[in-house]
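Remarks on the structure that follows.
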Amino acid sequence: QKEVEQDPGPLSVPEGAIVSLNCTYSNSAFQYFMWYRQYSRKGPELLMYTYSSGNKEDGRFTAQVDKSSKYISLFIRDSQPSDSATYLCAMSGPGAGSYQLTFGKGTKLSVIP
Amino acid sequence: GAGVSQTPSNKVTEKGKYVELRCDPISGHTALYWYRQSLGQGPEFLIYFQGTGAADDSGLPNDRFFAVRPEGSVSTLKIQRTERGDSAVYLCASSPTGSSTDTQYFGPGTRLTVL
């Protein structure tokens, strides 16, 4: 079992839909949780960063962390064709080695106009 | 430039050859990271530099892989005796200090194909 599990999809939704992306993890030491967006042939770019359980909202994006269940989610409201990309969850632990990100496989999302 | 740049964008080589991949981090960032992304997978950590020194090279798969950052800015990832299994996108990232709360800014990657 990998440390971080993420359904690779692909996921196809109509424009305007609410999208839910999820990851589970096994390492209870993880304390920092991120969502990156990666367009085709580009590097990942940070979307959301959280370090505690609960919700964090930024525009159309909401990140949710449930440490007791070792489960994180990203919700995209009013999805747009420009949201079509691969979404990667990433996480790291505290202390030494906290710079080392552990990524999920990524979920490929297509938003159809 | 404003972001992390990597050259070349694509590299095709033959099995057994030596390759060098270059990364130019964001100016002023002391922390630099290399990751490898195989097809259909997320990036996997290779090595972390703090300044000129490799603070953590635990992700390098074997001794054919080596990286340097001699002046604390540009970094070069070197792969000797390339194998077909080395084919992947090699991503470089930089961050201001290397702390756990830093954002890691990624470059576009170098797509390495070993024939």
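By order of appearance in the structure tokens: chains A, B, ..., then residues from 1 within every chain, and ligands from 1 in the order shown.
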Residues within 6 Å of Thr107 (chain A), please, as a ChimeraX atom specification. Count only C-alpha atoms; anything in the same chain fewer than 5 positions from it doesn't count. /A:8-9,86-87
Selected residues written out, N, CA, C and O atoms, as a PDB file, in the first residue's frame:
```pdb
ATOM      1  N   PRO A   8      -7.007   7.855  -9.831  1.00  0.00           N
ATOM      2  CA  PRO A   8      -6.480   8.589 -10.981  1.00  0.00           C
ATOM      3  C   PRO A   8      -7.527   9.058 -11.976  1.00  0.00           C
ATOM      4  O   PRO A   8      -7.220   9.822 -12.891  1.00  0.00           O
ATOM      5  N   GLY A   9      -8.790   8.597 -11.785  1.00  0.00           N
ATOM      6  CA  GLY A   9      -9.822   8.986 -12.734  1.00  0.00           C
ATOM      7  C   GLY A   9      -9.641   8.226 -14.053  1.00  0.00           C
ATOM      8  O   GLY A   9      -9.265   7.056 -14.008  1.00  0.00           O
ATOM      9  N   THR A  86      -4.724  17.922 -14.231  1.00  0.00           N
ATOM     10  CA  THR A  86      -4.529  16.845 -13.250  1.00  0.00           C
ATOM     11  C   THR A  86      -4.329  17.479 -11.884  1.00  0.00           C
ATOM     12  O   THR A  86      -3.534  18.417 -11.738  1.00  0.00           O
ATOM     13  N   TYR A  87      -5.059  16.971 -10.900  1.00  0.00           N
ATOM     14  CA  TYR A  87      -4.981  17.504  -9.543  1.00  0.00           C
ATOM     15  C   TYR A  87      -4.230  16.505  -8.657  1.00  0.00           C
ATOM     16  O   TYR A  87      -4.619  15.338  -8.561  1.00  0.00           O
TER      17      TYR A  87
END
```
Residues of chain A near chain B: apply a cut-off of 7 Å, count only C-alpha atoms, and supply the list as number ranges by chain. A: 41-45, 88, 98-106
Only C-alpha atoms, please: the residues just picked out, written as a PDB file, in the first residue's frame.
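Saved file out.pdb follows:
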```pdb
ATOM      1  CA  ARG A  41       3.303  19.341 -20.073  1.00  0.00           C
ATOM      2  CA  LYS A  42       3.631  21.856 -17.212  1.00  0.00           C
ATOM      3  CA  GLY A  43       4.953  21.687 -13.671  1.00  0.00           C
ATOM      4  CA  PRO A  44       2.599  21.413 -10.677  1.00  0.00           C
ATOM      5  CA  GLU A  45       1.373  24.701  -9.194  1.00  0.00           C
ATOM      6  CA  LEU A  88      -2.315  16.143  -7.215  1.00  0.00           C
ATOM      7  CA  SER A  98       9.206  18.164   6.270  1.00  0.00           C
ATOM      8  CA  TYR A  99      10.355  19.627   2.948  1.00  0.00           C
ATOM      9  CA  GLN A 100       9.920  16.222   1.290  1.00  0.00           C
ATOM     10  CA  LEU A 101       6.506  16.150  -0.371  1.00  0.00           C
ATOM     11  CA  THR A 102       4.736  12.820  -0.857  1.00  0.00           C
ATOM     12  CA  PHE A 103       2.297  12.995  -3.753  1.00  0.00           C
ATOM     13  CA  GLY A 104      -0.707  10.998  -4.828  1.00  0.00           C
ATOM     14  CA  LYS A 105      -0.922   9.734  -8.411  1.00  0.00           C
ATOM     15  CA  GLY A 106      -3.114  12.642  -9.458  1.00  0.00           C
TER      16      GLY A 106
END
```
Rounded to one decimal place, report the CA of Tyr71 (chain A)-CA of Pro14 (chain A) distance in Å.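 Spanning CA of Tyr71 (chain A) to CA of Pro14 (chain A) is a straight-line distance of 25.7 Å.
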Identify all residues of chain B in strand (DSSP E) (DSSP on the backbone) and supply them as a PyMOL selection string. chain B and resi 5-7+10-13+19-24+31-37+44-50+53-56+65-68+75-79+88-95+105-106+110-114
Mind checking which residues fall within 9 Å of Arg60 (chain A), counting only C-alpha atoms, ignoring those fewer than 5 positions away in the same chain, and posting them as a PyMOL selection string? chain A and resi 75-79
So that I can see what lies close to region 50-59 of chain A, please list as number ranges by chain the residues with an atom at most 8 Å from it, counting only C-alpha atoms and leaving out residues fewer than 2 positions away in the same chain. A: 31-34, 48, 61-67
